[in-house]
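Structure first, then comments.
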Amino acid sequence: MATPGRLIPGRRPGVRDMQLVTLALLLGCTASEAPQVAPPPVIVFDWLRNGNRDIYRATLDGTDKVRLTSNPGDDQHPSEAAGIVVFTSYRDGNGELYAVPSAGGAEQRLTTTAANETQPALSPDGRHLAYLSDETGVPKLWMSAADGTNPQPLTAGFGFAGSIEASPSWAPSGDRIVFVSTANGRAGLFILTLGAGAPTPLVADSNTAVEPSWSPDGRLVAFASDRTGVTNIFTVDVATLQIRQITTDATTAGQPAWLADGRLVYTSWSGGTPRLRWRDPAVPNSAVNIDLGTGDVQHSAAIF
Amino acid sequence: MHMSAAKGKEQSSPAVACRAVLALAAFGSACSDRSPSGPALSPPVSVRLLTCQADVRAQTLTCATPGPTVTGSAAGASADLILGGQGMYVQLRSSNVSYDAGTQIFRADVTVQNLTALNLGTPDGSTVTGVKVFFHSGPTVTAGAGTVTVANADGTGTFTGTNQPYFLYNEILPTGQVSSGKTWQWSVPSTVAFFTFQVLVDAAVQDFFVLTVSVLGGGTVTSAPMGISCSAGNGGLCAARFLSGASVTLSPNTAPGWAFSIAGWGGDCAGSGGAATLVMTQNRNCTVAFAPELTVSIAGSGTITSSPAGISCTSGNSGACGTTFLFGTAVTLMATPASGWVFAGWSGDCMGTGDCMVTMSSLRSAGATFLIATGPASLVIGPKPLIFEVGGHPNIDVVVKDADGNTIPNPTVTFASRNPLVASFSPGGILNGLARGQSVVVATASGGSTPADSLLAVVAVPGGPVVITDITQFSYGVGTTFTVTLVVDMRDSGELLGSTTVSLAWAPWLLTFQSYSIAGSGVSPTVNSSSAGNGLLTVSMADPNGFAGRVEVVKLTFTTTSFPTAGALALTPTELTGAGTFTDLLPNTVAASYPLAVVTGLAASARAAGR
């Protein structure tokens with residue numbers, strides 16, 4: 001389990017970081033002398049409360065909940081980078097992408113098409129947006145600028161015309177995207193290296209593998225799979241392709257998302273309704289429920 | 001592509017503010033704008049979302065497959081596929097659509113039709129894994145307040161994401177078949193204006209089929225793509241699984257001595273050309289029968305022909321002396337000797353001397369031996385000698401035997417009268433006496449270079465005695481010893497034989513006189529053989545009491561020469577009187593001259609038969 005207060009090298013400072021730095025300066029400390037204490041990680045997620053699904057933000061301990069959207073239509077699948085949360089909203093009758101500041105604020109519509117744009121994933125630098133569009137009748141991986149301009153398909157010619165794609169996740173280096181494709185008949189994981197040709201299989205065997213999430217150190221991809229019966233969280237080493245089971249829940253566990261410190265947040269259906277948990281992959285039986293209150297919580301993403 | 005909305009059954013619910021009747025789009029009729037054009041041959045690996053949206057206030061729910069139709073390929077087919085494609089690969093239809101405002105339940109009876117060319121819901125054609133229609137996304141509220149959930153899912157699973165609800169049609173759906181109906185229910189608060197969802201079909205498909213090959217005969221059959229390498233007796237790899245929709249080419253490869261023709265294809269390959277190409281849309285079976293060669297050889301002179309045709313081999317093994325026949329063909333070989341030759345028998349896969357039937361289940365060979373024909377060994381004609389009245393016409397009894405003494409059935413025998421003024425033959429073999437006199441008749445049994453023959457001493461009377469011998473054959477082998485009985489036949493004259501002198505003359509190069517002996521009638525003649533070296537001999541006797549009937553005077557033994565030649569033995573009576581009366585019978589006496597030939601090649605038994 002990660003040590004509370006540990007600073008993760010390379011992580012961009014968040015709001016709380018800035019507050020801590022300000023406090024340290026007020027106390028007459030230099031930056032180098034300030035306490036190396038990291039704030040609790042912050043996550044975004046969609047939360048079905050009172051008959052409406054919207055985007056929320058909260059700390060990992062379930063506190064500091066902030067509702068980022070409040071539209072009657074369903075808002076879901078948030079992704080965060082550079083202080084911006086991009087999500088899918090059905091408020092317009094079909095799936096469209098919207099953005100809202102992670103600190104809260106005005107929403108901005110990013111796409112306006114007759115097709116469904118869903119499951120957005122902001123690049124680590126916050127400049128690009130990978131997402132799905134079913135403009136051709138099948139959800140395929142597309143990319144645009146973060147503001148939704150210059151959309152273009154990323155996987156033309158890959159798989160077959162009808163193979164479905166889903167769940168893009170960026171490598172921390174920003175040059176690769178892992179995503180789901182049914183190019184082999186079943187849902188599997190493939191890696192697209194931008195500008196380097198066709199995607200290559202990462203986990204594409206006879207089992208189902210979905211909902212990939214690339215680790216902050218770039219070594220692992222966490223994913224959900226039913227390869228051992230009950231759907232649980234696994235990781236695959238990108239270099240060796242070695243697969244390791246992380247969760248051994250008796251009920252479905254999926255939708256993994258990495259925190260900057262190497263912990264995993266995921267959705268658990270233990271108890272029948274989806275709830276968020278986190279755990280340290282290095283520590284067995286370390287699952288901790290994130291108590292957010294009543295309602296269905298899904299599709300978490302860390303705020304880096 | 002939009003489905004048209006189908007009105008559902010209205011159920012009033014006064015407690016609910018929104019009294020609108022909710023209608024769930026009928027999947028099926030709504031898709032009539034895309035008529036299925038028949039099952040796709042390629043595996044249905046294409047995936048098309050079925051996106052459905054409910055407009056609560058407009059009381060419609062439409063399901064669309066936006067964008068152009070996509071087509072799949074065989075890429076990456078596996079045992080379980082996620083597929084969609086309303087109206088192309090699957091057709092979902094709903095009926096009995098209703099909304100109960102009290103329970104806030106949408107419901108519709110939904111069926112799934114398989115429009116692919118493959119069995120859905122089974123990995124192997126028999127195991128039932130069923131067809132799952134799962135929610136790829138949603139149901140998601142797009143307008144209004146509240147939450148829509150699938151109320152009666154058969155379960156949740158991981159398909160394209162975790163915990164996706166699904167409906168299970170636990171059956172195998174063959175091509176074109178519509179599933180049994182299943183009631184789908186959504187919990188839909190009346191405050192919801194629109195909701196949407198996307199469903200896909202997850203089903204095991206029988207994405208491979210088994211190709212089984214059976215090989216008869218010498219050769220192998222290989223496949224492209226690889227998988228089949230089957231040899232005679234179904235050795236090797238004779239069954240393989242191929243992806244459904246795959247095109248598999250089977251090629252026959254013959255072993256030495258074997259051939260292949262397109263007639264050798266059977267089963268699903270029947271009618272194919274040199275190679276058979278199959279599209280694996282189902283389990284398939286092919287049989288391949290290679291054609292073994294039948295070779296024949298000939299010793300001697302003759303021909304071998306076959307039925308069915310194919311072999312026509314002549315002397316010197318020229319012509320068609322080898323050919324192939326379809327595996328299992330029953331071939332009859334027939335040996336026909338050339339003129340002057342006889343068929344001595346088969347060798348190899350045939351035996352005996354009759355027609356030979358071989359079954360072409362392997363390489364076959366047969367040899368036919370022809371020998372120079374020696375003809376029938378003997379020819380027996382009765383009665384002999386034949387004496388009949390002028391104008392008489394007795395039938396002739398002929399028996400021909402082979403060298404082993406067996407009677408040859410239905411022999412071909414020809415007759416010739418040496419003196420056609422005395423006797424002649426009708427076409428039917430009836431001898432007619434034309435005038436008084438004697439004619440030697442030669443009967444010949446055909447079938448060899450040296451025909452068996454027989455002599456008939458024919459005397460056309462009435463009246464006088466007949467001086468004849470019991471010679472019955474025309475030809476004798478070289479160096480053959482035979483005995484001739486000198487006979488005076490008094491039966492037609494009615495006299496008793498008194499005194500007799502008969503001269504026998506022959507070609508001295510033809511016969512050598514050896515000896516004489518008393519014949520059966522008890523006559524003791526005087527034989528003067530002093531000139532026998534010159535081919536002349538005299539036999540005389542005198543008995544005042546006379547001999548009646550057929551009188552055997554003496555037996556004379558001759559030996560034929562050592563080389564083939566021809567000549568005659570002539571009888572000349574010089575004195576012939578009646579006993580007691582001393583009536584000169586010579587004017588009424590008929591004598592004979594026998595044409596004889598000495599030839600080579602007659603069997604010993606034939607020679608013996610001449611005695």
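Residues are referred to by chain and number: the chain letter is A, B, ... according to the order shown in the structure tokens, the number counts from 1 in that chain, and ligands are numbered separately from 1 in the order shown.
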
Requested in this report: Find the residues around stretch 552-558 of chain B up to 6 Å (only C-alpha atoms counted), leave out those fewer than 3 positions away in its own chain, and share them as a PyMOL selection string.
Outcome: chain B and resi 481-487+511-521+523

With chain B as the partner and 7 Å as the cut-off, tabulate the residues of chain A that qualify, each row holding the nearest pair of atoms and their distance in Å to one decimal, using only C-alpha atoms, sorted by chain and rising number, as a tab-separated table.
```
residue	atom	partner	partner_atom	distance
A:Gly51	CA	B:Gly146	CA	3.9
A:Asn52	CA	B:Gly146	CA	5.7
A:Pro72	CA	B:Ala145	CA	5.5
A:Gly73	CA	B:Thr142	CA	4.6
A:Asp74	CA	B:Val141	CA	5.5
A:Tyr90	CA	B:Thr142	CA	4.7
A:Arg91	CA	B:Thr142	CA	4.9
A:Asp92	CA	B:Thr142	CA	6.6
A:Gly93	CA	B:Thr142	CA	5.0
A:Asn94	CA	B:Thr142	CA	6.9
A:Glu135	CA	B:Gly67	CA	6.1
A:Thr136	CA	B:Gly67	CA	4.7
A:Gly137	CA	B:Gly67	CA	4.4
A:Val138	CA	B:Arg48	CA	5.4
A:Phe160	CA	B:Gly72	CA	6.2
A:Ala161	CA	B:Val70	CA	5.7
A:Gly162	CA	B:Ser46	CA	4.0
A:Ser163	CA	B:Val47	CA	5.3
A:Ile164	CA	B:Val47	CA	6.3
A:Ala183	CA	B:Gly76	CA	6.4
A:Asn184	CA	B:Gly76	CA	4.2
A:Gly185	CA	B:Leu81	CA	4.8
A:Arg186	CA	B:Leu81	CA	5.7
A:Ala187	CA	B:Thr160	CA	6.0
A:Thr208	CA	B:Phe159	CA	6.7
A:Val210	CA	B:Gly161	CA	5.6
A:Glu211	CA	B:Gly161	CA	6.2
A:Asp226	CA	B:Thr158	CA	6.7
A:Thr231	CA	B:Thr158	CA	6.8
A:Thr252	CA	B:Asn163	CA	6.7
A:Gly254	CA	B:Thr162	CA	5.8
```

Next, write the just-selected residues to a file, as a PDB file, in the first residue's frame, keeping N, CA and C atoms as the atom set.
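Result file follows (selection.pdb):
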```pdb
ATOM      1  N   GLY A  51     -31.997   9.115  -9.549  1.00  0.00           N
ATOM      2  CA  GLY A  51     -32.518   8.933 -10.903  1.00  0.00           C
ATOM      3  C   GLY A  51     -31.769   9.698 -11.965  1.00  0.00           C
ATOM      4  N   ASN A  52     -30.642  10.237 -11.624  1.00  0.00           N
ATOM      5  CA  ASN A  52     -29.893  10.974 -12.639  1.00  0.00           C
ATOM      6  C   ASN A  52     -28.402  10.691 -12.484  1.00  0.00           C
ATOM      7  N   PRO A  72     -30.200  16.764 -16.708  1.00  0.00           N
ATOM      8  CA  PRO A  72     -31.101  15.612 -16.532  1.00  0.00           C
ATOM      9  C   PRO A  72     -30.690  14.396 -17.366  1.00  0.00           C
ATOM     10  N   GLY A  73     -30.047  14.607 -18.503  1.00  0.00           N
ATOM     11  CA  GLY A  73     -29.585  13.469 -19.289  1.00  0.00           C
ATOM     12  C   GLY A  73     -28.399  12.799 -18.624  1.00  0.00           C
ATOM     13  N   ASP A  74     -28.146  11.590 -19.044  1.00  0.00           N
ATOM     14  CA  ASP A  74     -27.049  10.844 -18.429  1.00  0.00           C
ATOM     15  C   ASP A  74     -25.696  11.396 -18.881  1.00  0.00           C
ATOM     16  N   TYR A  90     -25.614  12.240 -22.818  1.00  0.00           N
ATOM     17  CA  TYR A  90     -26.727  11.909 -23.709  1.00  0.00           C
ATOM     18  C   TYR A  90     -27.825  12.965 -23.650  1.00  0.00           C
ATOM     19  N   ARG A  91     -27.489  14.107 -23.129  1.00  0.00           N
ATOM     20  CA  ARG A  91     -28.481  15.163 -22.930  1.00  0.00           C
ATOM     21  C   ARG A  91     -29.066  15.631 -24.253  1.00  0.00           C
ATOM     22  N   ASP A  92     -28.382  15.392 -25.352  1.00  0.00           N
ATOM     23  CA  ASP A  92     -28.855  15.857 -26.662  1.00  0.00           C
ATOM     24  C   ASP A  92     -29.512  14.743 -27.471  1.00  0.00           C
ATOM     25  N   GLY A  93     -29.786  13.639 -26.853  1.00  0.00           N
ATOM     26  CA  GLY A  93     -30.471  12.556 -27.557  1.00  0.00           C
ATOM     27  C   GLY A  93     -29.539  11.488 -28.069  1.00  0.00           C
ATOM     28  N   ASN A  94     -28.278  11.830 -28.215  1.00  0.00           N
ATOM     29  CA  ASN A  94     -27.282  10.822 -28.565  1.00  0.00           C
ATOM     30  C   ASN A  94     -26.002  11.158 -27.825  1.00  0.00           C
ATOM     31  N   GLU A 135     -19.733   6.682 -36.197  1.00  0.00           N
ATOM     32  CA  GLU A 135     -20.153   7.341 -37.435  1.00  0.00           C
ATOM     33  C   GLU A 135     -20.303   6.348 -38.583  1.00  0.00           C
ATOM     34  N   THR A 136     -19.480   5.316 -38.581  1.00  0.00           N
ATOM     35  CA  THR A 136     -19.565   4.308 -39.648  1.00  0.00           C
ATOM     36  C   THR A 136     -20.530   3.186 -39.287  1.00  0.00           C
ATOM     37  N   GLY A 137     -21.223   3.337 -38.179  1.00  0.00           N
ATOM     38  CA  GLY A 137     -22.149   2.304 -37.768  1.00  0.00           C
ATOM     39  C   GLY A 137     -21.578   1.427 -36.684  1.00  0.00           C
ATOM     40  N   VAL A 138     -20.299   1.527 -36.482  1.00  0.00           N
ATOM     41  CA  VAL A 138     -19.633   0.702 -35.485  1.00  0.00           C
ATOM     42  C   VAL A 138     -18.725   1.619 -34.668  1.00  0.00           C
ATOM     43  N   PHE A 160     -11.599  -5.620 -38.987  1.00  0.00           N
ATOM     44  CA  PHE A 160     -12.492  -5.688 -40.130  1.00  0.00           C
ATOM     45  C   PHE A 160     -13.547  -4.616 -39.940  1.00  0.00           C
ATOM     46  N   ALA A 161     -14.284  -4.404 -40.971  1.00  0.00           N
ATOM     47  CA  ALA A 161     -15.158  -3.232 -40.950  1.00  0.00           C
ATOM     48  C   ALA A 161     -16.098  -3.243 -39.756  1.00  0.00           C
ATOM     49  N   GLY A 162     -16.511  -4.391 -39.352  1.00  0.00           N
ATOM     50  CA  GLY A 162     -17.492  -4.431 -38.279  1.00  0.00           C
ATOM     51  C   GLY A 162     -16.911  -4.661 -36.905  1.00  0.00           C
ATOM     52  N   SER A 163     -15.592  -4.750 -36.776  1.00  0.00           N
ATOM     53  CA  SER A 163     -15.051  -4.998 -35.434  1.00  0.00           C
ATOM     54  C   SER A 163     -15.226  -3.754 -34.570  1.00  0.00           C
ATOM     55  N   ILE A 164     -15.707  -3.982 -33.390  1.00  0.00           N
ATOM     56  CA  ILE A 164     -16.030  -2.883 -32.486  1.00  0.00           C
ATOM     57  C   ILE A 164     -14.789  -2.510 -31.691  1.00  0.00           C
ATOM     58  N   ALA A 183     -11.497  -7.401 -33.024  1.00  0.00           N
ATOM     59  CA  ALA A 183     -10.931  -7.801 -34.312  1.00  0.00           C
ATOM     60  C   ALA A 183     -10.693  -9.308 -34.388  1.00  0.00           C
ATOM     61  N   ASN A 184     -10.510  -9.937 -33.244  1.00  0.00           N
ATOM     62  CA  ASN A 184     -10.309 -11.391 -33.272  1.00  0.00           C
ATOM     63  C   ASN A 184     -11.586 -12.134 -32.913  1.00  0.00           C
ATOM     64  N   GLY A 185     -12.713 -11.455 -32.990  1.00  0.00           N
ATOM     65  CA  GLY A 185     -13.982 -12.110 -32.704  1.00  0.00           C
ATOM     66  C   GLY A 185     -14.470 -11.860 -31.291  1.00  0.00           C
ATOM     67  N   ARG A 186     -13.549 -11.874 -30.358  1.00  0.00           N
ATOM     68  CA  ARG A 186     -13.900 -11.545 -28.986  1.00  0.00           C
ATOM     69  C   ARG A 186     -13.190 -10.263 -28.604  1.00  0.00           C
ATOM     70  N   ALA A 187     -13.683  -9.657 -27.529  1.00  0.00           N
ATOM     71  CA  ALA A 187     -13.069  -8.415 -27.089  1.00  0.00           C
ATOM     72  C   ALA A 187     -11.673  -8.709 -26.554  1.00  0.00           C
ATOM     73  N   THR A 208     -12.201 -12.938 -22.851  1.00  0.00           N
ATOM     74  CA  THR A 208     -12.602 -11.548 -23.016  1.00  0.00           C
ATOM     75  C   THR A 208     -11.719 -10.656 -22.143  1.00  0.00           C
ATOM     76  N   VAL A 210     -11.349  -6.446 -21.391  1.00  0.00           N
ATOM     77  CA  VAL A 210     -11.985  -5.149 -21.648  1.00  0.00           C
ATOM     78  C   VAL A 210     -11.460  -4.129 -20.654  1.00  0.00           C
ATOM     79  N   GLU A 211     -11.832  -2.884 -20.922  1.00  0.00           N
ATOM     80  CA  GLU A 211     -11.623  -1.764 -20.017  1.00  0.00           C
ATOM     81  C   GLU A 211     -10.164  -1.624 -19.585  1.00  0.00           C
ATOM     82  N   ASP A 226     -12.827 -12.118 -17.828  1.00  0.00           N
ATOM     83  CA  ASP A 226     -13.525 -13.246 -17.219  1.00  0.00           C
ATOM     84  C   ASP A 226     -12.735 -14.530 -17.400  1.00  0.00           C
ATOM     85  N   THR A 231     -15.575 -12.119 -13.510  1.00  0.00           N
ATOM     86  CA  THR A 231     -14.809 -11.018 -14.061  1.00  0.00           C
ATOM     87  C   THR A 231     -14.053 -10.307 -12.948  1.00  0.00           C
ATOM     88  N   THR A 252     -18.439  -9.400  -9.848  1.00  0.00           N
ATOM     89  CA  THR A 252     -17.716  -8.701 -10.902  1.00  0.00           C
ATOM     90  C   THR A 252     -16.931  -7.506 -10.358  1.00  0.00           C
ATOM     91  N   GLY A 254     -14.431  -4.505 -12.220  1.00  0.00           N
ATOM     92  CA  GLY A 254     -13.963  -4.017 -13.517  1.00  0.00           C
ATOM     93  C   GLY A 254     -13.712  -2.529 -13.481  1.00  0.00           C
TER      94      GLY A 254
END
```

Query raised in the report: Separation of atom CA of A:Ile290 and atom CA of A:Leu60, in Å?
Result: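 Interatomic distance, atom CA of A:Ile290 to atom CA of A:Leu60: 6.5 Å.
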
Requested in this report: Go ahead and compute the interatomic distance for atom CA of B:Ser499 and atom CA of B:Phe388, in Å to one decimal.
Outcome: 24.3 Å

Query raised in the report: Which residues, written as a count of residues only, have at least one atom at most 10 Å from B:Pro544, with only C-alpha atoms counted and residues fewer than 4 positions away on the same chain left out?
Result: 10

Requested in this report: Please provide the set of residues having any atom within 12 Å of stretch 319-324 of chain B, restricted to only C-alpha atoms, with same-chain residues fewer than 6 positions apart removed, written as a PyMOL selection string.
Outcome: chain B and resi 217+256-261+264+289-298+302-306+308-313+330-331+333+359-368

Report task. Apply DSSP to the backbone of this structure and, from stretch 165-296 of chain A, keep only the residues in strand (DSSP E); write these as a PyMOL selection string. Result -> chain A and resi 165-170+176-181+188-193+200-203+209-214+220-225+232-237+243-245+253-258+264-268+275-279+288-289+296

Report task. Just give me the gap between atom CA of B:Ile372 and atom CA of B:Val342 in Å, one decimal is fine. Result -> 6.0 Å

Query raised in the report: Which residue gives the smallest distance to A:Thr155 among A:Phe87, A:Thr200, A:Tyr56, A:Ala250, with only C-alpha atoms counted?
Result: A:Thr200

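Within the 8 Å cut-off around A:Thr88, using only C-alpha atoms and omitting residues fewer than 6 positions from it on the same chain, the listed residues are A:Asp75, A:Gln76, A:His77, A:Pro78, A:Gly95, A:Glu96, A:Leu97, A:Tyr98, A:Glu117, A:Thr118, A:Gln119, A:Pro120.
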
Report task. Identify which of the residues A:Thr273, A:Phe223, A:Gly197, A:Asn285 lies closest to A:Thr248, counting only C-alpha atoms when measuring atom-to-atom distances. Result ->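 Closest to A:Thr248, using only C-alpha atoms: A:Asn285.
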
Query raised in the report: Pick the closest to B:Gly345 from B:Thr369, B:Phe134, B:Pro587, B:Phe327: which is it, counting only C-alpha atoms?
Result: B:Thr369
